[in-house]
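*Asks:* Have a look at the structure that comes next, please.
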Amino acid sequence: MTQPLLAVEGLSVALRTDHGLARILDDVALTIPPGGSLGVVGESGCGKSTLLRAILGILPKGATTPSGRIRFQGRDLLAGADWARGRIGFVPQDPYLSLNPVFRAGDQILEIMRRHAPGSRADHRRKLVELFRAVQLPEPAAALDKYPHQFSGGQRQRLLIAAALACDPALLIADEPTTALDVTTQREILGLLKRLVAERGLGLLFVTHDFGVLATLCDRVAVLYAGQVAELGPTRAVLDTPWHPYTRLLLSCHPDRATTLAGIPGTVPAATAQPSGCRFHPRCPLAQPACAAAPPALLALGERAVACPRHEVPFG
Amino acid sequence: MLRYLLRRLALSLPALLGLVLLTFVLSRVVPGDPAAALAGDAATPAQIAEIRGQYGLDRPLAEQALIHLKQVVQGDFGRSIFSGRPVAEEILQRLPATLELTFAALLLASLIGIPLGLIAALHHNGLIDHLVRLMSVGGLAIASFWLAIMLQLVFSMELDILPLRGRLDVALGSPPRLTGFLLPDTLLAGRLDMFLSACRHLVLPAVTLALPGIATIARFTRSGVLETLQKDFVLYARAAGYGRVRLAAIYVLRNAVTVTVTQIGLLFGALISGAVAVEAVFDWPGLGTYAVQAILAADYKALLAVTLVVGVVYAVVNVLVDLAQALIDPRIAGAGR
Amino acid sequence: MRRLLRDPVATLGFGLILLAVFVALFAPWLAPYPDDAFDSHLLQRLRPPSAEFPFGTDNLGRDILSRVILGTRDALTVALAVVGAAMLIGVPVGLVAGWREGWLAELLMRVTDVFLAVPQLILALALGQLMAPGIGTAMLALALTYWPFFARTVFAETRRLRGALFVDALAGIGASPARILLLHVLPNAAPAILVRATIGMGFTILTAALLGFLGVGAAPPSPDWGLMVSEARQHLPEAWWFPTFPGLAIFLLVLGFNLLGDGLRDLADPRLRRSR
């Protein structure tokens, strides 16, 4: 077996809050092979962003030192992620807020290249214009000297994609990169991402609550609930026959999006007060007394895995 | 950018016009008959009437106000009751001294206050942060005239390392007056000894004047940096791999100082007030000492002219501040581009 | 109040102010030589600090400690009177200008702008000199130049509150403007006014001391702190204690108001909380 591009093993992160220690991530394990793509889905508050921040090495101040391991190209990221900057490209959620308004967009990207890509400034400029062309930014040469507010939202997201690619990364991490955009622009940006990832043979970690996006972009999917992996498997299989009761409910009440769980009673538990046993049992239609007693293990079944022993029981 | 500048200038006009009106009203509520005051003690009623006609004091009040406005716009503030010289000339003579002092203080305050605020914010709630906060409140509580005297006591009288008063060593003479600002004038005259003397004379007054400025600037820089650090683009920049020092010292600071720069405009008012005290202590021949002399000599023309000139300088500084802000943050002037 | 006392820095400020108020109230009993406000003893001129005269004596042989204590009362009275008077002008102006729209509001705010177009001290000097110089004139001039700060603050608060829903609702059920302003808008603007007043106290003490120092405020022989520093100038560097202690008194009292104002501002505007 080849070495995975990214391997997350037993990752746990807690956050110190006024109400005590919040366990945001609990024993999370994921892998992405070189050139593979993984989608991470879940409601807001399930730990998606913390997972990204742990990988990128930008956990907030109140976070405890994460336990477990994150390895990128075989090397540890938790001990310090600086060596991997540039090799992991990051496309943030909100293109409006992610660029500093008082600096030229080009300069902001060139600064990243200056630190993490070989070559002179002239090389970098040349390469960046080329990238601007690749992300289909209008007037790529002039774009270098413009300020962020002179671009539209979609254009800014293209800029940020170009920034993520600027240092020739092996892995692209995208945090719901289209939620702030309108539907038409969303489709364009996703198409662009898909093409660029395929052309360049990049690994992709894509966080979203949009199942439709998953189906087109990712070959595998991980469903996160309350900081734990509920279900993991090839995208097609999971979408066609979801196993975990949570995934089933998500898909049945909202075939496209996991924004709200109107059909599921209750809410995601507060991270400071997790229920005992299976964290989903208070909301689960299949719950039994045993579910409250001990947390279920992640059962591996072929290519798929699920954290529920009753995954074959149909809803009543 | 030019259009932005003009629009901004136009905005400060109404307040300045109001100020002219206010000084006019003030000059008319001066106890006693201004014509009698002008004519002197020994004047006959006929002479007073003549002066009244000559100065337009017998015209309707609204017309007098217009005449006053016209004179002010032409830079005619009348003659000083104290010295008999035109007030405008005297003010022009002294304005550069005050401006030189104020700008030196402003520069000093920015050079110290901005890094201090940045460091405090980066060590949020740490020891340095608390010290800077205490200093920024304490710095605004010190009476500048007292600080000036204490500094004089220590550095001029006891240690004798800095001059006690004035702008320049009297023994050196003075450079030909080109700008009225001593630092450039002495350099243009090629007199390094004079330049150094002027610098040494500037130290204590500028430091005294700068202290409240340091406090204000440190405080606003600190809160600006704290606010900027919360922004998404800082998180993004960290994820994308900006260097730590560059991130804090350039990337974050430039956003943070937009707030600070606004404060510098407001600060300028405090600096001018402080200059009155500092000039009085250090015998600095600027507008502050002029104003104090005018009060003591009951020279109301001089005093009202100082008020107007300070108002104009204040307005100009605030326009400059807005301009600086537009240069720092391209979104502000974006509409005019 | 309890939340305020949880902030150690604001508590320190509050403590300093309480101390000053205590000293001011009981000044004649606290001062070792209460008559030294006016009496002079030329035989004991310029004595350095000692057990007999903890802060030393001045050029007329008066005990500086006593004069600093006696001066506390004047400093606080002046500041209170000035800030109170400025509030009496500024708050109504701000309320009316903020509540109404049209020429009156426009005019009021334009006038406010004119007063803000010149630094307060300069304007106070110009106003003050039109009347006979003295402490009364100085106070009047300070009040006449400080009200625009209140007008600005209250104007902003009133405009903000007028847009708020509950005021709309009150107007809807037919409450009169005066009633709404006094019973609903004013209490809501009170925190902002209080912060402004606290900071104004410190600011006024400084400015009044400066006027005394320049010779256009309090007149000799009154135990005014600014005046004392000014009188001390001719006796430097020999009598270092002479300007030092009155200046420290100014510093501590102003520091008290500034620290308290800082704490109050944090309470009144959680957005500016330090803990952020």
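Here, A, B, ... name the chains of the structure tokens in the order displayed, residue numbers run from 1 inside each chain, and ligands are numbered from 1 in the same displayed order.
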Pull the closest atom pair for each residue of region 46-117 of chain C that gets at most 9 Å from region 167-184 of chain C, along with the distance in Å to one decimal, counting only C-alpha atoms, ordering rows by chain and then ascending residue number, as CSV.
*Replies:*
residue,atom,partner,partner_atom,distance
C:Leu95,CA,C:Leu181,CA,7.1
C:Val96,CA,C:Leu181,CA,8.7
C:Trp99,CA,C:Leu181,CA,8.0
*Asks:* If the cut-off is 8 Å, can you tell me the residues of chain A near chain B, counting only C-alpha atoms? I'd like them as a ChimeraX atom specification.
*Replies:* /A:56-58,82,85-86,89-90,92,97-102,111-112,115-116,147,149,164
*Asks:* From the list A:Arg248, A:Arg114, A:Lys146, A:Arg133, which residue is nearest Ile161 (chain A) when using only C-alpha atoms?
*Replies:* A:Arg133
*Asks:* Using only C-alpha atoms and a distance of at most 8 Å, pull out the residues of chain C that contact chain B, as a VMD selection string.
*Replies:* chain C and resid 110 to 111 113 to 115 117 to 123 125 to 127 129 to 131 202 206 209 to 210 213 to 214 216 229 233 236 to 237 240 243 to 244 247 250 to 252 254 to 255 258 to 259 275 to 276
*Asks:* Which value, in Å to one decimal, gives the distance between CA of Val93 (chain C) and CA of Ala105 (chain C)?
*Replies:*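 Spanning CA of Val93 (chain C) to CA of Ala105 (chain C) is a straight-line distance of 8.6 Å.
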*Asks:* If DSSP is run on the backbone, what residues of region 30-215 of chain B are helix (DSSP H, G or I)? A reply as a ChimeraX atom specification would be ideal.
*Replies:* /B:34-39,45-54,61-73,87-122,127-138,144-158,170-172,182-188,192-215
